[in-house]
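Student: So that you have it, the file is work_23.json, and it contains JSON, C-alpha atoms:
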```json
[["chain", "number", "residue", "atom", "x", "y", "z"],
["X", 287, "MET", "CA", 17.53, -3.94, 0.91],
["X", 288, "ILE", "CA", 16.74, -0.22, 0.67],
["X", 289, "ALA", "CA", 13.09, -0.87, 1.55],
["X", 290, "LEU", "CA", 14.04, -2.95, 4.60],
["X", 291, "SER", "CA", 16.59, -0.33, 5.68],
["X", 292, "LEU", "CA", 13.93, 2.38, 5.50],
["X", 293, "TRP", "CA", 11.61, 0.21, 7.59],
["X", 294, "VAL", "CA", 14.31, -0.16, 10.27],
["X", 295, "PHE", "CA", 14.91, 3.60, 10.25],
["X", 296, "GLY", "CA", 11.18, 4.29, 10.53],
["X", 297, "LEU", "CA", 10.84, 1.79, 13.38],
["X", 298, "ILE", "CA", 13.64, 3.54, 15.30],
["X", 299, "LEU", "CA", 11.83, 6.87, 14.86],
["X", 300, "GLU", "CA", 8.57, 5.31, 16.05],
["X", 301, "ILE", "CA", 10.18, 3.78, 19.15],
["X", 302, "GLY", "CA", 11.70, 7.18, 19.93],
["X", 303, "ILE", "CA", 8.28, 8.83, 19.67],
["X", 304, "TYR", "CA", 6.39, 6.32, 21.82],
["X", 305, "SER", "CA", 9.16, 6.17, 24.43],
["X", 306, "GLY", "CA", 9.28, 9.96, 24.71],
["X", 307, "VAL", "CA", 12.90, 10.19, 23.54],
["X", 308, "ILE", "CA", 11.65, 12.16, 20.53],
["X", 309, "PRO", "CA", 9.22, 14.74, 21.97],
["X", 310, "ILE", "CA", 6.31, 15.77, 19.79],
["X", 311, "PRO", "CA", 4.02, 18.75, 20.43],
["X", 312, "ILE", "CA", 0.33, 18.15, 21.01],
["X", 313, "VAL", "CA", -1.73, 19.74, 18.27],
["X", 314, "PRO", "CA", -4.07, 22.39, 19.72],
["X", 315, "GLY", "CA", -7.51, 20.94, 20.20],
["X", 316, "LEU", "CA", -6.26, 17.35, 20.64],
["X", 317, "GLU", "CA", -5.45, 17.53, 24.32],
["X", 318, "SER", "CA", -8.49, 15.41, 25.16],
["X", 319, "PHE", "CA", -7.41, 12.72, 22.73],
["X", 320, "ASN", "CA", -3.90, 12.68, 24.15],
["X", 321, "SER", "CA", -5.17, 12.06, 27.67],
["X", 322, "ALA", "CA", -7.99, 9.65, 26.80],
["X", 323, "VAL", "CA", -6.80, 7.85, 23.64],
["X", 324, "PRO", "CA", -3.07, 8.51, 23.04],
["X", 325, "VAL", "CA", -3.13, 6.37, 19.88],
["X", 326, "LEU", "CA", -5.20, 9.02, 18.09],
["X", 327, "SER", "CA", -2.83, 11.90, 18.79],
["X", 328, "VAL", "CA", 0.55, 10.14, 18.60],
["X", 329, "GLN", "CA", 0.09, 7.42, 15.99],
["X", 330, "PRO", "CA", -0.52, 9.83, 13.05],
["X", 331, "VAL", "CA", 2.80, 11.55, 13.77],
["X", 332, "ALA", "CA", 4.73, 8.28, 13.68],
["X", 333, "ALA", "CA", 2.90, 7.20, 10.52],
["X", 334, "ILE", "CA", 3.58, 10.49, 8.71],
["X", 335, "LEU", "CA", 7.28, 10.40, 9.60],
["X", 336, "GLY", "CA", 7.51, 6.87, 8.21],
["X", 337, "LEU", "CA", 5.76, 7.97, 5.01],
["X", 338, "LEU", "CA", 8.06, 10.97, 4.61],
["X", 339, "VAL", "CA", 11.10, 8.70, 4.80],
["X", 340, "VAL", "CA", 9.67, 6.52, 2.03],
["X", 341, "LEU", "CA", 8.65, 9.50, -0.14],
["X", 342, "ALA", "CA", 12.12, 10.99, 0.18],
["X", 343, "SER", "CA", 13.64, 7.72, -1.06],
["X", 344, "MET", "CA", 11.18, 7.50, -3.96],
["X", 345, "LEU", "CA", 11.85, 11.07, -5.04],
["X", 346, "TYR", "CA", 15.60, 10.57, -4.84],
["X", 347, "ARG", "CA", 15.41, 7.37, -6.90],
["X", 348, "ARG", "CA", 12.75, 8.85, -9.23],
["X", 349, "GLN", "CA", 10.25, 6.07, -8.60],
["X", 350, "PRO", "CA", 6.63, 6.66, -9.72],
["X", 351, "PRO", "CA", 3.58, 6.57, -7.40],
["X", 352, "LYS", "CA", 2.48, 3.22, -8.86],
["X", 353, "SER", "CA", 5.58, 1.64, -7.29],
["X", 354, "ALA", "CA", 3.97, 2.40, -3.91],
["X", 355, "GLY", "CA", 0.57, 0.97, -4.82],
["X", 356, "TRP", "CA", -0.94, 4.12, -6.37],
["X", 357, "ASN", "CA", -1.51, 2.86, -9.90],
["X", 358, "ARG", "CA", -4.04, 5.05, -11.70],
["X", 359, "LEU", "CA", -5.11, 2.11, -13.89],
["X", 360, "THR", "CA", -6.38, 0.19, -10.86],
["X", 361, "LEU", "CA", -7.47, 3.19, -8.78],
["X", 362, "ARG", "CA", -11.17, 2.95, -9.63],
["X", 363, "THR", "CA", -11.27, -0.78, -8.87],
["X", 364, "GLY", "CA", -9.44, -0.18, -5.59],
["X", 365, "LEU", "CA", -11.77, 2.59, -4.50],
["X", 366, "LEU", "CA", -14.92, 0.60, -5.28],
["X", 367, "ALA", "CA", -13.59, -2.51, -3.55],
["X", 368, "GLY", "CA", -12.45, -0.52, -0.52],
["X", 369, "LEU", "CA", -15.82, 1.22, -0.26],
["X", 370, "ALA", "CA", -17.69, -2.09, -0.48],
["X", 371, "LEU", "CA", -15.52, -3.66, 2.22],
["X", 372, "ALA", "CA", -15.89, -0.55, 4.39],
["X", 373, "LEU", "CA", -19.68, -0.69, 4.17],
["X", 374, "LEU", "CA", -19.59, -4.39, 4.98],
["X", 375, "SER", "CA", -17.51, -3.60, 8.07],
["X", 376, "VAL", "CA", -20.04, -0.98, 9.21],
["X", 377, "PHE", "CA", -22.87, -3.48, 8.68],
["X", 378, "LEU", "CA", -21.14, -6.27, 10.61],
["X", 379, "ARG", "CA", -20.34, -3.92, 13.48],
["X", 380, "VAL", "CA", -23.94, -2.64, 13.50],
["X", 381, "LYS", "CA", -22.82, 1.01, 13.31],
["X", 382, "PHE", "CA", -25.14, 2.35, 10.61],
["X", 383, "ASN", "CA", -27.63, 3.76, 13.13],
["X", 384, "THR", "CA", -24.82, 5.34, 15.14],
["X", 385, "ILE", "CA", -23.45, 7.11, 12.05],
["X", 386, "PHE", "CA", -26.83, 8.18, 10.66],
["X", 387, "SER", "CA", -27.96, 9.53, 14.03],
["X", 388, "GLY", "CA", -25.23, 12.15, 13.81],
["X", 389, "VAL", "CA", -21.48, 12.26, 14.25],
["X", 390, "SER", "CA", -20.15, 14.49, 17.03],
["X", 391, "PRO", "CA", -17.19, 16.86, 16.44],
["X", 392, "VAL", "CA", -15.01, 14.56, 18.55],
["X", 393, "GLN", "CA", -15.96, 11.53, 16.45],
["X", 394, "PHE", "CA", -15.31, 13.47, 13.24],
["X", 395, "THR", "CA", -11.88, 14.51, 14.50],
["X", 396, "ALA", "CA", -11.18, 10.87, 15.30],
["X", 397, "LEU", "CA", -12.10, 9.96, 11.72],
["X", 398, "ILE", "CA", -9.61, 12.51, 10.34],
["X", 399, "LEU", "CA", -6.81, 11.23, 12.57],
["X", 400, "VAL", "CA", -7.55, 7.62, 11.71],
["X", 401, "ALA", "CA", -7.62, 8.47, 7.99],
["X", 402, "ILE", "CA", -4.22, 10.19, 8.18],
["X", 403, "THR", "CA", -2.70, 7.21, 9.99],
["X", 404, "CYS", "CA", -4.15, 4.62, 7.61],
["X", 405, "LEU", "CA", -3.24, 6.58, 4.48],
["X", 406, "ALA", "CA", 0.39, 6.85, 5.58],
["X", 407, "GLU", "CA", 0.84, 3.33, 6.97],
["X", 408, "GLU", "CA", -0.92, 1.51, 4.13],
["X", 409, "THR", "CA", 1.05, 3.43, 1.50],
["X", 410, "VAL", "CA", 4.26, 2.41, 3.26],
["X", 411, "PHE", "CA", 3.41, -1.23, 4.01],
["X", 412, "ARG", "CA", 0.84, -2.52, 1.50],
["X", 413, "GLY", "CA", 2.13, -0.20, -1.24],
["X", 414, "TYR", "CA", 5.85, 0.43, -0.96],
["X", 415, "LEU", "CA", 7.07, -2.57, 1.08],
["X", 416, "GLN", "CA", 4.74, -5.35, -0.04],
["X", 417, "LEU", "CA", 5.27, -4.75, -3.75],
["X", 418, "ARG", "CA", 9.06, -4.82, -3.35],
["X", 419, "LEU", "CA", 9.17, -7.82, -1.01],
["X", 420, "GLU", "CA", 6.86, -9.82, -3.27],
["X", 421, "TRP", "CA", 9.12, -9.03, -6.22],
["X", 422, "TRP", "CA", 12.16, -10.09, -4.19],
["X", 423, "LEU", "CA", 10.87, -13.17, -2.33],
["X", 424, "GLY", "CA", 7.85, -14.17, -4.37],
["X", 425, "LYS", "CA", 4.22, -13.35, -3.67],
["X", 426, "ARG", "CA", 3.69, -15.74, -0.74],
["X", 427, "TRP", "CA", 6.79, -14.96, 1.29],
["X", 428, "GLY", "CA", 6.80, -11.28, 0.42],
["X", 429, "PHE", "CA", 3.17, -11.06, 1.56],
["X", 430, "LEU", "CA", 3.92, -12.86, 4.84],
["X", 431, "LEU", "CA", 7.06, -10.85, 5.57],
["X", 432, "THR", "CA", 5.17, -7.59, 5.02],
["X", 433, "ALA", "CA", 2.50, -8.73, 7.47],
["X", 434, "ALA", "CA", 5.18, -9.59, 10.05],
["X", 435, "LEU", "CA", 6.93, -6.23, 9.60],
["X", 436, "PHE", "CA", 3.63, -4.43, 10.15],
["X", 437, "VAL", "CA", 3.06, -6.31, 13.41],
["X", 438, "LEU", "CA", 6.56, -5.34, 14.57],
["X", 439, "TRP", "CA", 5.85, -1.73, 13.55],
["X", 440, "ARG", "CA", 2.77, -1.69, 15.76],
["X", 441, "LEU", "CA", 4.53, -3.41, 18.67],
["X", 442, "PRO", "CA", 5.80, -0.18, 20.36],
["X", 443, "LEU", "CA", 2.22, 1.07, 20.41],
["X", 444, "MET", "CA", 0.81, -2.20, 21.72],
["X", 445, "TRP", "CA", 3.51, -2.24, 24.39],
["X", 446, "MET", "CA", 1.82, 0.81, 25.91],
["X", 447, "MET", "CA", -1.12, -1.48, 26.76],
["X", 448, "PRO", "CA", 0.60, -4.54, 28.34],
["X", 449, "GLY", "CA", -2.63, -5.93, 29.74],
["X", 450, "THR", "CA", -3.98, -6.60, 26.25],
["X", 451, "LEU", "CA", -0.67, -7.21, 24.47],
["X", 452, "ALA", "CA", -1.30, -10.85, 23.56],
["X", 453, "VAL", "CA", -4.80, -10.18, 22.24],
["X", 454, "ASN", "CA", -3.64, -7.13, 20.29],
["X", 455, "LEU", "CA", -0.78, -9.08, 18.72],
["X", 456, "ILE", "CA", -3.24, -11.66, 17.41],
["X", 457, "LEU", "CA", -5.70, -9.04, 16.15],
["X", 458, "VAL", "CA", -3.02, -6.94, 14.45],
["X", 459, "GLY", "CA", -1.56, -10.07, 12.86],
["X", 460, "ILE", "CA", -4.96, -11.05, 11.43],
["X", 461, "GLN", "CA", -5.60, -7.48, 10.29],
["X", 462, "SER", "CA", -2.22, -7.29, 8.59],
["X", 463, "LEU", "CA", -2.82, -10.52, 6.66],
["X", 464, "LEU", "CA", -6.28, -9.31, 5.62],
["X", 465, "LEU", "CA", -5.00, -5.93, 4.43],
["X", 466, "GLY", "CA", -2.21, -7.59, 2.48],
["X", 467, "TRP", "CA", -4.71, -9.93, 0.84],
["X", 468, "ILE", "CA", -6.93, -6.99, -0.12],
["X", 469, "MET", "CA", -3.93, -5.27, -1.72],
["X", 470, "ARG", "CA", -3.01, -8.42, -3.67],
["X", 471, "SER", "CA", -6.60, -8.95, -4.80],
["X", 472, "PHE", "CA", -7.32, -5.45, -6.12],
["X", 473, "GLY", "CA", -3.87, -4.11, -6.97],
["X", 474, "ASN", "CA", -4.32, -0.66, -5.51],
["X", 475, "VAL", "CA", -3.51, 0.60, -2.03],
["X", 476, "SER", "CA", -6.71, 2.65, -1.93],
["X", 477, "ALA", "CA", -8.67, -0.56, -1.21],
["X", 478, "PRO", "CA", -6.96, -1.47, 2.10],
["X", 479, "ILE", "CA", -6.87, 2.21, 3.07],
["X", 480, "LEU", "CA", -10.63, 2.72, 2.75],
["X", 481, "TYR", "CA", -11.44, -0.55, 4.49],
["X", 482, "ARG", "CA", -9.03, 0.09, 7.36],
["X", 483, "VAL", "CA", -10.14, 3.70, 7.89],
["X", 484, "ILE", "CA", -13.80, 2.82, 8.33],
["X", 485, "SER", "CA", -13.30, -0.41, 10.27],
["X", 486, "THR", "CA", -10.86, 1.30, 12.67],
["X", 487, "TRP", "CA", -13.10, 4.33, 13.10],
["X", 488, "CYS", "CA", -16.05, 2.06, 13.95],
["X", 489, "SER", "CA", -14.10, 0.77, 16.93],
["X", 490, "PHE", "CA", -13.99, 4.32, 18.34],
["X", 491, "LEU", "CA", -17.68, 5.07, 17.84]]
```
Starting from the file, give its structure as C-alpha cells.
Tutor:
Amino acid sequence: MIALSLWVFGLILEIGIYSGVIPIPIVPGLESFNSAVPVLSVQPVAAILGLLVVLASMLYRRQPPKSAGWNRLTLRTGLLAGLALALLSVFLRVKFNTIFSGVSPVQFTALILVAITCLAEETVFRGYLQLRLEWWLGKRWGFLLTAALFVLWRLPLMWMMPGTLAVNLILVGIQSLLLGWIMRSFGNVSAPILYRVISTWCSFL
C-alpha cells in the first residue's frame, strides 16, 4: 500500500511538471533540447523527483538498497546481462558505425540525460515497485501490474504527442513488459537500466 501510495504521489508530481503547474528551470546549456526534444530536458526532472520520494521512504523505514533491486550479490550478473542486451540493441539498430564514427557533444549530452532518467525510473519501477508487488500479488500479477503502472506513468509525457499516442502506448507497453522480464530473469535492476539507456539513446542518434 505504501509503494502504491508513493506511485500516486509521484504521478501527481509528474502531471504537475508536464502540465506546467509545477514550473522547473531549464538547466543552462539545455535550451536547445527543451525546444527540440522536450523529453530530454523535462523527463529527467520528473524521474529524479519520483526517485527521491522512494528514497525518502526507504530511508525512513530503514530498507536496504537490495529491496529496490540493488543486490550486490547479483550486481555482476545484472551488469553483464545488461551490457550484452545493450550491445544486441545497438547491433539490431545498426548504430555501431554511427557511434564509432564519433559522438557529438549534443549526442553525449543526450546520453547523460537518458542515463539519469533510466537510472531513476528503473530503480523505482523494476526495483522498488516490482519487487513489492510481486511479493504481494505473486510474480505474474505483480509483474503485470508494474508494467501497467509504468505505462500510466509515461502517459502524461505521451499526451504531449497526441498524433502518435496510440503507437507510443503500444511501444511503451511492450518495453515495460520486456524490462520487467529482464529484471525477473537476472535479479538486479542494473540489467534493465543498461539495456534501456543504450536502446533509448540509439533512437536519438
Student: Find the residue from X:Phe295, X:Leu435, X:Trp427, X:Arg482 that sits nearest to Gly459 of chain X; use all atoms listed in the file when measuring.
Tutor: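 Checking each candidate against Gly459 of chain X, we get X:Leu435 as the closest.
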Student: Residues near Ala354 of chain X, anyone? I mean within 7 Å using all atoms listed in the file, not counting same-chain ones fewer than 3 positions away, as a PDB file with C-alpha atoms, in the coordinates of the input.
Tutor:
```
ATOM      1  CA  PRO X 351       3.580   6.570  -7.400  1.00  0.00           C
ATOM      2  CA  THR X 409       1.050   3.430   1.500  1.00  0.00           C
ATOM      3  CA  GLY X 413       2.130  -0.200  -1.240  1.00  0.00           C
ATOM      4  CA  TYR X 414       5.850   0.430  -0.960  1.00  0.00           C
TER       5      TYR X 414
END
```
Student: Could you check which of X:Trp293, X:Trp487, X:Trp467, X:Trp421 is closest to Gly336 of chain X, using all atoms listed in the file?
Tutor: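 Using all atoms listed in the file, Gly336 of chain X sits closest to X:Trp293.
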Student: Axis-aligned box over every listed atom of segment 302-311 of chain X, padded by 3 Å per side: centre and edges in Å to one decimal, as AutoDock Vina command-line options?
Tutor:
```
--center_x 8.5 --center_y 12.5 --center_z 22.2 --size_x 14.9 --size_y 18.6 --size_z 11.0
```
Student: Taking (-20.2, -4.8, 12.1) in the coordinates of the supplied file, I want to know which residues reach to within 12 Å of it, counting all atoms listed in the file; could you give the answer as a PyMOL selection string?
Tutor: chain X and resi 371-384+484-489+491
Student: Rounded to one decimal in Å, what is the spacing between atom CA of Pro330 of chain X and atom CA of Thr403 of chain X?
Tutor: 4.6 Å
Student: Give me the residues within 12 Å of Leu335 of chain X as a PyMOL selection string, counting only C-alpha atoms and dropping any in the same chain fewer than 6 places off.
Tutor: chain X and resi 292-293+295-303+308+310+328-329+341-342+402-403+406-407+410
Student: Quick one: pull the distance between atom CA of Pro350 of chain X and atom CA of Leu480 of chain X, Å, one decimal.
Tutor: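 Spanning atom CA of Pro350 of chain X to atom CA of Leu480 of chain X is a straight-line distance of 21.7 Å.
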Student: Between atom CA of Leu337 of chain X and atom CA of Ala434 of chain X, what distance in Å does the model show, to one decimal?
Tutor: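 Rounded to one decimal, the two atoms are 18.3 Å apart.
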Student: Using all atoms listed in the file, give me every residue within 12 Å of (-5.2, -5.6, 13.3) in file coordinates, as a compact mmCIF listing (two decimals) with C-alpha atoms, in the coordinates of the input.
Tutor:
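File produced: point-v3.txt:
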```
# COMPACT_ATOMS: atom_id res chain seq x y z
CA CYS X 404 -4.15 4.62 7.61
CA ALA X 433 2.50 -8.73 7.47
CA ALA X 434 5.18 -9.59 10.05
CA PHE X 436 3.63 -4.43 10.15
CA VAL X 437 3.06 -6.31 13.41
CA LEU X 438 6.56 -5.34 14.57
CA TRP X 439 5.85 -1.73 13.55
CA ARG X 440 2.77 -1.69 15.76
CA LEU X 441 4.53 -3.41 18.67
CA MET X 444 0.81 -2.20 21.72
CA VAL X 453 -4.80 -10.18 22.24
CA ASN X 454 -3.64 -7.13 20.29
CA LEU X 455 -0.78 -9.08 18.72
CA ILE X 456 -3.24 -11.66 17.41
CA LEU X 457 -5.70 -9.04 16.15
CA VAL X 458 -3.02 -6.94 14.45
CA GLY X 459 -1.56 -10.07 12.86
CA ILE X 460 -4.96 -11.05 11.43
CA GLN X 461 -5.60 -7.48 10.29
CA SER X 462 -2.22 -7.29 8.59
CA LEU X 463 -2.82 -10.52 6.66
CA LEU X 464 -6.28 -9.31 5.62
CA LEU X 465 -5.00 -5.93 4.43
CA GLY X 466 -2.21 -7.59 2.48
CA TYR X 481 -11.44 -0.55 4.49
CA ARG X 482 -9.03 0.09 7.36
CA VAL X 483 -10.14 3.70 7.89
CA SER X 485 -13.30 -0.41 10.27
CA THR X 486 -10.86 1.30 12.67
CA SER X 489 -14.10 0.77 16.93
```
Student: Compare X:Gln393, X:Thr432, X:Gln416, X:Gln349 by their minimum atom-to-atom distance to Phe490 of chain X, counting only C-alpha atoms, and give me the closest one.
Tutor: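 Selected residue with least distance to Phe490 of chain X: X:Gln393.
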Student: For Ser471 of chain X, find every residue with an atom within 12 Å (counting all atoms listed in the file), except residues of its own chain fewer than 2 positions away, and show them as JSON, numbers by chain.
Tutor: {"X": [360, 363, 364, 367, 368, 412, 425, 429, 464, 465, 466, 467, 468, 469, 473, 474, 475, 476, 477, 478]}
Student: Here is a test: counting only C-alpha atoms, which residue of X:Leu361, X:Ser390, X:Trp445, X:Leu290 is nearest to Gly428 of chain X?
Tutor: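 Smallest separation from Gly428 of chain X among the options: X:Leu290.
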Student: Give the answer as one residue: which of X:Trp422, X:Val392, X:Leu405, X:Leu415 has the shortest atom-to-atom distance to Ile334 of chain X, using only C-alpha atoms?
Tutor: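 When distances to Ile334 of chain X are compared using only C-alpha atoms, the smallest one comes from X:Leu405.
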Student: Give the answer as one residue: which of X:Met447, X:Met287, X:Pro309, X:Leu423 has the shortest atom-to-atom distance to Ala332 of chain X, using all atoms listed in the file?
Tutor: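 So, comparing all the options, the nearest one is X:Pro309.
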